[in-house]
Every structure is written in C-alpha cells, then in structure tokens.
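Asker: Sharing a structure here in structure tokens format.
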Amino acid sequence: MYYSRTLIEHFRNPRNAGMMRSPDATGQAEDGTCGDLARFFLRVEAGRAVDVRFQTYGCGPTIAAASAGSELAMGRPVSELLQISRDDVEVAIDGLPDERKHAADVVAEAIRSAARDYVRRHV
Amino acid sequence: MRAVYLDHNASTPVHPEAVAAMLPFFSERFGNASSVHGFGRAARDAIDTAREGIARFLGAGPDEIVFTSGGTESDNLALRGVAAARGGGHIVTSQIEHHAVLRTCQSLERGGFAVTYLPVDEHAMVDPEDVRRAIRDDTILVSIMHANSEVGTIEPIDAIGAIVRERGIPFHVDAVQTFGKIPIRLDAWGIDLLSFSSHKVYGPKGVAGLYIRKGTKMVATQHGGEHERRRRAGTENVPGIVGFGKAVECRSREMTAEALRLAELRDRLTGGTGARVADVRVNGHPTHRLPGTASLCFRQVESESIVLGLDLKGVGVSAGSACTSGNVEPSYVIVAMGVPLPWAMGAVRCSLGRGTTADDIDYVLGVLPPLVEKLRALSPVGAV
C-alpha cells in the first residue's frame with residue numbers, strides 16, 4: 001500500500017493537533033466500519049476560521065488527513081467549510097490508497113460538521 | 001535510526017547457508033528433475049537429499065513428504081485431498097485457523113461439506129473436549145493449527161490428536177508457524193497430515209511441504225505429470241527445495257537454543273512495554289506460546305497508526321497477520337478471543353527471529369512508548 005510523502009509528513013508531524021479552549025464550533029465524524037474518528041474545533045472571526053484544531057483516533061492516513069484538513073480549513077470562510085469534500089482532503093495529502101479512502105470521508109465530514117455547528121449557533 | 005525487523009511470522013531472511021546451497025541450481029545444475037539425462041539426475045538427487053533431511057527432521061519417511069509451492073497450497077491439498085477422496089462429510093476446525101484453512105473450508109461448505117468452526121478461549125486455546133463433542137459419525141477430517149500466527153498460542157495438539165485417533169479420523173495440523181521453531185511429534189500426537197513452510201524458517205519463498213502419513217486416503221488436487229508420486233503435479237522448484245532442505249538442516253542445529261533465546265527477548269519486550277506504557281495487554285497463552293511471538297493490544301490506539309509510526313522509526317511489525325494487513329477491521333483471531341473492541345483495534349504483533357538482538361528490543365522499547373503517548377494525545381477517545 002502506497003502512502004504519499006505528504007501523507008507521511010503529516011502523520012509524522014501533525015499540524016494543529018489538540019483541543020481548543022471555548023471553541024466557536026465543534027464538529028465530529030466517525031467511520032462506522034473501522035471506528036476512525038475526527039473532531040474539529042473552530043475559532044471564527046468575521047465569518048472565517050482563524051484557528052482550527054483537531055483530535056483524531058484512527059489509522060495513519062486518518063491522522064494525516066486530519067492534519068492536512070486543518071491546514072485546508074485554516075483561514076477559510078465558514079461558508080466554504082460547509083462544502084469541503086473528501087476530494088479536497090485527499091488532494092491535500094496527495095492521494096490515498098483505495099483501502100484508506102475513508103480517512104478523507106471522515107475528515108471532510110468532521111470539518112463540515114463543525115461548520116454546521118457554527119451556523120447553528122450563530123446564524 | 002536502526003532497522004529492526006520484528007515480523008518473522010510473516011517471513012524470514014534466507015539463511016546464508018541456504019542461499020549458498022541454492023545458487024548452483026540456478027545455473028550449472030538447472031536440469032528438470034524429471035529428465036532422464038545427467039542434468040536431470042543431478043536435480044533429482046538434490047531433491048531427494050533435501051526430502052530425506054526434512055523427513056529425518058520430522059521423524060517421517062521420505063516418501064511421506066510432498067513438496068508444494070507454499071503453506072497455502074499445503075493446507076489446500078490436505079483439506080481438498082481428503083475431502084475429494086471421501087466425496088462428502090463433515091470437517092472440524094477452529095475459528096482462528098489461517099485463511100488458507102478457513103477459506104478452503106468455506107469453499108468446501110459451498111460444495112456440500114459440513115464444517116464446524118470451534119471457538120477458542122480468551123488465550124486463543126482450543127478445548128480438546130470441544131473437538132470431542134464436535135466429532136460426528138460423518139466427520140472425515142479434523143484440522144487444527146499447531147500454533148496461531150497472530151498471538152502465538154500453542155494448541156494442545158497431543159490431547160486433540162488422541163481424541164481424533166480414537167475415532168479413526170484423519171488429523172491435519174497446520175504447522176506453518178511451528179515447524180523448525182518448536183518440536184513436533186508426528187506419531188505421539190497422531191498427526192496424519194502436517195503443513196509446513198520454508199520461508200518461515202529461513203528458507204526461500206515459493207516452497208513448502210505437506211507430510212502425508214502412509215495409508216492416509218486422499219487424492220491429488222493438481223493434475224499433470226507424475227511428480228511427487230502423483231500427489232502433486234508440477235515441475236519441482238529445485239533451487240527452492242534445496243534451499244529449504246539446507247534451512248531445515250540449519251534449524252536442526254539452532255532450533256533449541258534459539259527458542260530459549262527468543263523467549264527471553266520476547267519477555268523483555270512484553271515486560272518492558274508493560275512497564276513503560278499504560279493500558280497495554282499481552283495476547284495469547286501466558287505459557288503455551290511461541291518463543292518469538294509477542295502480540296500486544298494498546299487500548300484506544302489504532303494498530304495501523306502504531307505500525308506506521310514504528311515503520312518511520314525503522315521498526316517492522318504487523319497489525320494482525322500479514323495476510324490481512326491491508327484490512328482496517330480488527331483481527332478475527334483477537335475478536336475470537338473475546339478481546340473488547342477498544343483493545344482489539346490496537347493489536348500489534350511483534351515476531352522475533354534469529355537476527356533479533358537485545359539491542360533491537362531496547363531500541364523498540366525506546367521508540368514505542370513515546371509513539372503510543374503521542375497517538376493517545378491526538379485522540380479524543382477515552383483518554384487513559
């Protein structure tokens with residue numbers, strides 16, 4: 001199974017990992033088959049995610065995808081985060097083997113879930 | 001960074017003596033062992049020598065050893081060969097057999113055979129009384145592995161063999177993980193068929209064996225030439241067989257001392273991990289376990305992330321068995337043992353071998369705890 005260098009780098013040195021104190025929004029998603037889970041926290045100012053943190057349980061690709069997803073989300077309008085797709089996440093880590101596509105699904109849904117939480121709380 | 005290979009249950013490096021023994025058979029002595037000329041006779045002699053040595057090691061007759069292409073083929077030949085000879089009936093096996101046995105049994109079920117898959121206890125041990133209770137009037141074969149490749153538990157083959165022998169039923173033992181590592185007693189344990197493999201014991205890949213006790217009724221499953229006394233057609237892998245024979249010769253010298261050495265290193269690894277990492281359990285029977293196999297479950301840490309993290313530190317281990325390592329589901333063996341899911345998802349197997357040193361173990365003990373700590377710190381799930 002081939003993992004891209006980008007994926008390996010994100011796994012080795014995950015960015016933006018950890019909890020957030022009093023987040024403006026929280027979102028979570030879980031893969032029903034393998035139990036991989038990602039949770040995202042957003043700090044939002046003027047409608048943009050100015051800080052993004054994540055926690056994750058799962059395989060190496062899920063951890064890497066969450067790290068890459070946090071960078072993808074950073075600085076973006078919440079309106080865009082509502083539309084983040086699994087393809088966006090997969091591109092951010094330079095691809096995933098077929099057996100690990102679930103990593104992008106979980107992370108994308110967790111980011112969208114956080115964005116929906118913000119909208120629910122503030123709109 | 002140090003390169004530490006702890007996946008010997010998946011495969012082993014070929015012993016240097018085996019490599020040296022094989023080389024002439026790729027160039028000068030390349031004949032087909034079935035050819036009548038001198039080139040063929042040289043190959044035939046080499047196969048016979050390897051066969052005699054392996055038979056002697058097992059306590060079998062040379063004509064009771066059939067060479068195959070791998071442990072999977074040996075298992076298939078044993079099960080399908082006996083099943084085809086009988087035409088129907090019932091087979092008893094366990095839930096933790098290698099996929100080569102399980103999927104062959106499932107295939108035989110689709111062909112009309114009945115199969116009972118026996119459960120195991122929390123140590124992955126089969127209860128011989130369960131075997132006794134499962135045997136029916138139409139049982140044609142019992143197949144139980146000698147030791148499990150994932151957790152290393154050694155099954156009570158002697159007790160099971162006695163029960164099976166009482167009923168006059170053929171007894172197949174998948175010994176792919178034990179041959180060349182711990183003693184096997186064909187006659188004392190009533191074994192009629194035994195699968196064993198080269199590349200698990202420092203021989204080359206692509207060759208294995210099936211012991212078939214004289215008088216065991218079975219038919220060939222691969223047809224063609226008259227090779228292996230019409231039990232397995234196909235031009236013999238002469239270099240592979242020669243290498244296998246030499247590897248077994250080396251095992252006969254090294255096996256006993258190696259088992260003691262590996263058991264100490266295994267316990268150093270499991271004890272050291274337990275002392276440094278919270279919420280970790282050792283899988284498998286506490287005493288009846290392969291000397292080189294250490295299966296660990298780390299609660300609330302996913303096994304693939306441990307495997308990848310260790311890989312980036314130069315350490316090769318396995319999440320579950322190698323054959324299922326592309327799969328994100330928990331190991332069916334660990335699940336069959338009743339290990340709860342938060343633990344089962346964090347199962348990692350370390351399998352030591354002749355090249356493993358105390359320094360290797362200490363290196364792993366240096367990199368594993370911070371890795372587990374880092375992965376747990378990332379996780380929102382059930383912090384320890």
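Ligands are numbered from 1 in the order shown, residues from 1 within each chain, and chains are lettered A, B, ... in the order they appear in the structure tokens.
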What are the residues of chain B that have an atom within 6 Å of an atom of chain A, counting only C-alpha atoms, as a ChimeraX atom specification?
Answerer: /B:302,304-305,328-329,378-380
Asker: Near Arg53 (chain A), within 12 Å and counting only C-alpha atoms, which residues show up once chain neighbours fewer than 5 positions away are dropped, as a PyMOL selection string?
Answerer: (chain A and resi 14-28+38-44+66-74+110-111+114) or (chain B and resi 378+380)
Asker: Using C-alpha atoms, can you export the residues from the last selection as a short mmCIF file (atom, residue, chain, number, x, y, z; two decimals), in the first residue's frame?
Answerer:
```cif
data_model
loop_
_atom_site.label_atom_id
_atom_site.label_comp_id
_atom_site.auth_asym_id
_atom_site.auth_seq_id
_atom_site.Cartn_x
_atom_site.Cartn_y
_atom_site.Cartn_z
CA PRO A 14 0.65 16.62 12.61
CA ARG A 15 -0.24 20.29 12.46
CA ASN A 16 -2.85 21.95 14.68
CA ALA A 17 -3.45 18.90 16.87
CA GLY A 18 -5.13 19.34 20.22
CA MET A 19 -8.15 20.78 21.94
CA MET A 20 -9.31 24.41 21.78
CA ARG A 21 -10.47 26.42 24.77
CA SER A 22 -14.03 27.66 24.28
CA PRO A 23 -14.28 26.96 20.54
CA ASP A 24 -16.85 28.79 18.45
CA ALA A 25 -17.79 25.48 16.88
CA THR A 26 -17.13 21.76 17.22
CA GLY A 27 -17.77 19.01 14.74
CA GLN A 28 -17.15 15.29 14.66
CA ALA A 38 -12.07 13.03 13.77
CA ARG A 39 -13.15 16.03 15.83
CA PHE A 40 -12.57 19.61 14.69
CA PHE A 41 -12.68 22.87 16.65
CA LEU A 42 -13.07 26.28 15.02
CA ARG A 43 -12.34 29.81 16.16
CA VAL A 44 -14.25 32.13 13.85
CA ALA A 66 -6.94 15.47 9.80
CA SER A 67 -3.68 17.39 9.92
CA ALA A 68 -3.93 18.31 6.25
CA GLY A 69 -7.62 19.08 6.67
CA SER A 70 -6.83 21.54 9.47
CA GLU A 71 -4.45 23.42 7.16
CA LEU A 72 -7.03 23.30 4.38
CA ALA A 73 -9.67 24.81 6.66
CA MET A 74 -7.45 27.46 8.22
CA ALA A 110 -15.93 16.41 10.59
CA ILE A 111 -15.00 19.82 9.11
CA ALA A 114 -18.00 21.94 12.66
CA LEU B 378 -4.06 13.15 19.49
CA PRO B 380 -10.47 12.45 21.73
#
```
Asker: Can you work out the spacing between CA of Thr293 (chain B) and CA of Ser351 (chain B) in Å, to one decimal?
Answerer: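 If I compute the distance from CA of Thr293 (chain B) to CA of Ser351 (chain B), I get 4.5 Å.
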Asker: So how many Å separate CA of Gly168 (chain B) and CA of Leu102 (chain B), to one decimal?
Answerer: 23.0 Å
Asker: Mind checking DSSP for region 178-344 of chain B and telling me the alpha helix (DSSP H) residues as an MDAnalysis selection string?
Answerer: chainID B and resid 227:230 238:276 303:311 332:336 341:344
Asker: Find the residues near Leu81 (chain A): any atom within 9 Å, counting only C-alpha atoms, skip ones fewer than 2 places away on the same chain, and give them as a VMD selection string.
Answerer: chain A and resid 49 73 76 to 79 83 to 85 108 111 to 116
Asker: Let's have the selection written as a PDB file, in the first residue's frame, with C-alpha atoms.
Answerer:
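Everything below was put into selection.pdb:
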```
ATOM      1  CA  ALA A  49     -11.931  30.142  10.624  1.00  0.00           C
ATOM      2  CA  ALA A  73      -9.673  24.809   6.656  1.00  0.00           C
ATOM      3  CA  ARG A  76     -11.374  29.872   5.034  1.00  0.00           C
ATOM      4  CA  PRO A  77     -14.898  31.274   5.260  1.00  0.00           C
ATOM      5  CA  VAL A  78     -17.299  29.058   7.147  1.00  0.00           C
ATOM      6  CA  SER A  79     -19.486  29.049   4.037  1.00  0.00           C
ATOM      7  CA  GLN A  83     -18.803  22.435   1.203  1.00  0.00           C
ATOM      8  CA  ILE A  84     -15.412  20.816   1.876  1.00  0.00           C
ATOM      9  CA  SER A  85     -15.334  17.493   0.053  1.00  0.00           C
ATOM     10  CA  ALA A 108     -14.259  16.147   5.403  1.00  0.00           C
ATOM     11  CA  ILE A 111     -14.996  19.818   9.115  1.00  0.00           C
ATOM     12  CA  ARG A 112     -18.446  20.205   7.553  1.00  0.00           C
ATOM     13  CA  SER A 113     -19.983  19.224  10.870  1.00  0.00           C
ATOM     14  CA  ALA A 114     -18.004  21.942  12.655  1.00  0.00           C
ATOM     15  CA  ALA A 115     -19.107  24.489  10.067  1.00  0.00           C
ATOM     16  CA  ARG A 116     -22.741  23.431  10.506  1.00  0.00           C
TER      17      ARG A 116
END
```
Asker: Mind checking which residues fall within 9 Å of region 84-97 of chain B, counting only C-alpha atoms, ignoring those fewer than 6 positions away in the same chain, and posting them as a PyMOL selection string?
Answerer: chain B and resi 105+111-120+124+126+131+134-145+148-149+174+217-221+332-334+336-337
Asker: Using only C-alpha atoms, I'd like a table of the residues in region 198-300 of chain B that come within 6 Å of region 10-15 of chain B; for each, show the closest atom pair and its distance in Å rounded to one decimal, ordered by chain and ascending number, as a tab-separated table.
Answerer:
```
residue	atom	partner	partner_atom	distance
B:His199	CA	B:Ser11	CA	5.7
B:Lys200	CA	B:Ser11	CA	5.2
B:Tyr202	CA	B:Val14	CA	4.3
B:Gly203	CA	B:Val14	CA	4.9
B:Pro204	CA	B:Val14	CA	5.8
```
Asker: Residues within 7 Å of Ala208 (chain B), please, as a list in words. Count only C-alpha atoms; anything in the same chain fewer than 3 positions from it doesn't count.
Answerer: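 Contacts, with the query itself left out: Phe67, Thr68, Ser69, Gly70, Gly71, Phe196, Ser197 and Ser198 of chain B.
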Asker: Let's have the selection written as an mmCIF file, in the first residue's frame, with N, CA and C atoms.
Answerer:
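Writing the result to part-v3.cif gives the following:
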```cif
data_model
loop_
_atom_site.group_PDB
_atom_site.id
_atom_site.type_symbol
_atom_site.label_atom_id
_atom_site.label_comp_id
_atom_site.auth_asym_id
_atom_site.auth_seq_id
_atom_site.Cartn_x
_atom_site.Cartn_y
_atom_site.Cartn_z
ATOM 1 N N PHE B 67 6.414 -31.991 -1.659
ATOM 2 C CA PHE B 67 6.772 -30.573 -1.787
ATOM 3 C C PHE B 67 5.681 -29.826 -2.532
ATOM 4 N N THR B 68 5.364 -28.635 -2.031
ATOM 5 C CA THR B 68 4.358 -27.778 -2.659
ATOM 6 C C THR B 68 4.973 -26.395 -2.876
ATOM 7 N N SER B 69 4.128 -25.450 -3.295
ATOM 8 C CA SER B 69 4.623 -24.099 -3.568
ATOM 9 C C SER B 69 4.525 -23.174 -2.359
ATOM 10 N N GLY B 70 3.842 -23.626 -1.319
ATOM 11 C CA GLY B 70 3.684 -22.749 -0.165
ATOM 12 C C GLY B 70 2.772 -23.369 0.868
ATOM 13 N N GLY B 71 2.755 -22.768 2.052
ATOM 14 C CA GLY B 71 1.893 -23.278 3.114
ATOM 15 C C GLY B 71 0.428 -23.284 2.714
ATOM 16 N N PHE B 196 3.791 -27.467 6.376
ATOM 17 C CA PHE B 196 4.938 -26.727 6.890
ATOM 18 C C PHE B 196 5.561 -25.921 5.747
ATOM 19 N N SER B 197 6.260 -24.862 6.116
ATOM 20 C CA SER B 197 6.682 -23.891 5.101
ATOM 21 C C SER B 197 8.152 -23.532 5.221
ATOM 22 N N SER B 198 8.735 -23.211 4.069
ATOM 23 C CA SER B 198 10.164 -22.885 4.018
ATOM 24 C C SER B 198 10.465 -21.466 4.497
#
```
Asker: Where does DSSP see strand (DSSP E or B) in region 7-63 of chain A, if you list the residues as a list in words?
Answerer: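 Taking region 7-63 of chain A and keeping strand (DSSP E or B) only, one gets Ala17, Ala25, Thr26, Gly27, Gln28, Ala29, Glu30, Leu37, Ala38, Arg39, Phe40, Phe41, Leu42, Arg43, Val44, Glu45, Arg48, Ala49, Val50, Asp51, Val52, Arg53, Phe54, Gln55, Thr56 and Tyr57 of chain A.
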Asker: Residues near region 127-129 of chain B, anyone? I mean within 8 Å using only C-alpha atoms, not counting same-chain ones fewer than 6 positions away, as a PyMOL selection string.
Answerer: chain B and resi 120-121+156+159-160+163
